[in-house]
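Take a look at the structure set out below.
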Amino acid sequence: MAPFSTSDPRPTSPTSAEVEHANRGEWDQMADEYQAEHGEFLGDAGFRWSPEGADEAELHLLGDVAGLDVLEIGCGAAQCSRWLLAQGARPVGLDVSTRQLQHARRLDDDAGVHVPVLAGSATALPLADDAFDAVCSAFGALPFVSDVDAAMAEVARVLRPGGPWVFSVTHPVRWMFPDDPTDAGLRVVRSYFDRAPYLEHAADGSVAYAEHHRTVGDWVRALVGAGFVLDDLVEPEWTPGNTHVWGGWGPERGATLPGTTIFCSHLG
């Protein structure tokens with residue numbers, strides 16, 4: 001889960017390949033800081049769906065995973081996959097950042113377990129057709145790919161018929177508000193319908209980071225277009241006692257403004 005910003009984007013739209021290259025480099029660069037800042041909150045073997053503290057151990061959005069082959073897209077240090085392993089699943093974690101996967105190995109060594117992980121893109125999964133019983137993603141990959149239809153098609157390809165596809169992303173209404181976790185951030189600064197990506201550029205003008213906004217309807221159409229059936233849309237409330245501030249997420253503004261949407265679907 002990356003910090004979310006609503007700074008004005010550049011007017012240009014980079015290609016899908018440029019976005020993937022940029023975000024791979026950015027996540028490799030920020031992986032150490034990310035794990036140091038958020039690792040305790042995430043837990044070495046915990047399944048947090050969101051900064052609000054939504055926990056799969058309580059929500060059971062994937063159902064009973066014992067004995068299932070489960071793919072986690074955008075796994076980071078594979079905290080969620082490690083939790084799935086403890087529940088009896090056979091998880092595989094995938095991430096675009098090799099540095100994040102090195103942290104996964106570190107946590108595996110500390111815990112004395114092994115979670116298979118591999119580097120790859122959500123829009124071109126290096127995996128066989130019909131290989132998984134379930135696929136999940138907790139703020140992983142989807143906000144950072146420009147071709148979400150390709151990503152959805154890839155999930156449908158590797159998922160067995162009827163299998164769940166559950167993923168969490170920044171709540172679409174958050175695009176309208178500044179990256180401020182306090183009540184001062186409760187002011188609209190852009191249109192909900194402005195789909196221009198948020199971009200950061202390097203000194204040479206190349207794209208260094210990209211994050212994409214999609215409306216609720218955009219997400220639903222992408223799911224349905226890939227053959228999925230939407231079962232539920234979960235908007236987690238801020239968990240009492242959670243004091244962790246994460247970019248624009250925090251207990252002050254989180255008490256009144258939704259920060260996360262979890263899409264629960266299955267392959268029809």
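Every chain in the structure tokens has a letter given in the order shown (A, B, ...), and although residue numbers restart at 1 in each chain, ligands are simply numbered from 1 in the order shown.
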So which residues touch region 41-47 of chain A within 12 Å, counting only C-alpha atoms, skipping near sequence neighbours fewer than 4 positions away, as JSON, numbers by chain?
{"A": [1, 34, 35, 36, 37, 51, 52, 53, 54, 55, 56, 57, 58, 59, 60, 61, 62, 72, 75, 76, 77, 78, 79, 80, 81, 82, 83, 84, 85, 86, 87, 103, 104, 105, 106, 107, 108, 109, 110, 111, 112, 113, 114, 115, 136, 137, 138, 139, 168, 242, 243, 244, 245, 246]}
Hey, which bits of region 23-83 of chain A sit within 12 Å of region 122-130 of chain A, and for each residue what's the closest pair of atoms and how far apart in Å (one decimal), counting only C-alpha atoms, rows by chain and increasing number, as a tab-separated table?
```
residue	atom	partner	partner_atom	distance
A:Arg24	CA	A:Ala122	CA	11.9
A:Asp69	CA	A:Asp130	CA	10.4
A:Val70	CA	A:Asp130	CA	11.4
A:Leu71	CA	A:Leu127	CA	9.9
A:Glu72	CA	A:Ala122	CA	10.3
A:Ile73	CA	A:Ala122	CA	6.8
A:Gly74	CA	A:Ala122	CA	7.8
A:Cys75	CA	A:Ala122	CA	11.1
```
d(CA of Ser206 (chain A), CA of Ser16 (chain A)) in Å:
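Here the two named atoms are 13.4 Å from each other.
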Excluding Pro161 (chain A) and its own-chain neighbours fewer than 3 positions away, which residues fall within 9 Å of it when counting only C-alpha atoms? Please give them as a CSV table (one decimal) with C-alpha atoms, in the first residue's frame.
```
chain,number,residue,atom,x,y,z
A,130,ASP,CA,-6.4,-22.2,-14.2
A,133,ASP,CA,-8.4,-21.5,-6.5
A,156,ALA,CA,-9.4,-14.5,-14.9
A,164,PRO,CA,-12.9,-15.7,-5.6
A,266,HIS,CA,-15.8,-14.5,-8.2
A,267,LEU,CA,-15.1,-15.8,-11.7
A,268,GLY,CA,-18.4,-16.6,-13.4
```
Please give the complete set of residues from region 17-221 of chain A that DSSP, run on the backbone, assigns to strand (DSSP E), formatted as a VMD selection string.
chain A and resid 69 to 73 90 to 95 117 to 119 134 to 138 164 to 170 198 to 201 207 to 211
Have a look at CA of Ala31 (chain A) and CA of Ala119 (chain A) and let me know their distance in Å, one decimal.
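Result for CA of Ala31 (chain A) versus CA of Ala119 (chain A): 14.2 Å, one decimal.
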Nearest to Glu211 (chain A) by atom-to-atom distance, counting only C-alpha atoms, from A:Ala153, A:Cys264, A:Leu199, A:Val166
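Of all the options, A:Leu199 lies closest to Glu211 (chain A).
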Which one is closest to Ala141 (chain A): A:Ala210, A:Ala222, A:Ala202, A:Val173? Count only C-alpha atoms.
A:Ala210
Region 9-185 of chain A: which residues are helix (DSSP H, G or I) by DSSP, as number ranges by chain?
A: 16-42, 56-59, 79-86, 98-111, 142-144, 148-158, 172-176, 183-185
Restricting the calculation to only C-alpha atoms: of A:Ala151, A:Ala131, A:Val216, A:Leu230, which residue gets closest to Arg174 (chain A)?
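Selected residue with least distance to Arg174 (chain A): A:Val216.
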Using only C-alpha atoms, which protein or nucleic acid residues come within 12 Å of Gln29 (chain A)? Drop anything in the same chain fewer than 3 positions from it, and give the result as a list in words.
Ala22, Asn23, Arg24, Gly25, Glu26, Asp32, Glu33, Tyr34, Gln35, Ser97, Thr98, Arg99, Gln100, Ala208 and Tyr209 of chain A
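You will find CA of Leu94 (chain A) at 13.0 Å from CA of Glu154 (chain A).
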Given only C-alpha atoms as the counted atoms, nearest of A:Thr15, A:Leu257, A:Ser50, A:Val117 to Arg187 (chain A)
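Smallest separation from Arg187 (chain A) among the options: A:Leu257.
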Do a neighbour search on Leu118 (chain A) at 8 Å with only C-alpha atoms, toss out local chain neighbours closer than 6 positions, and write the hits as a VMD selection string.
chain A and resid 92 to 95 101
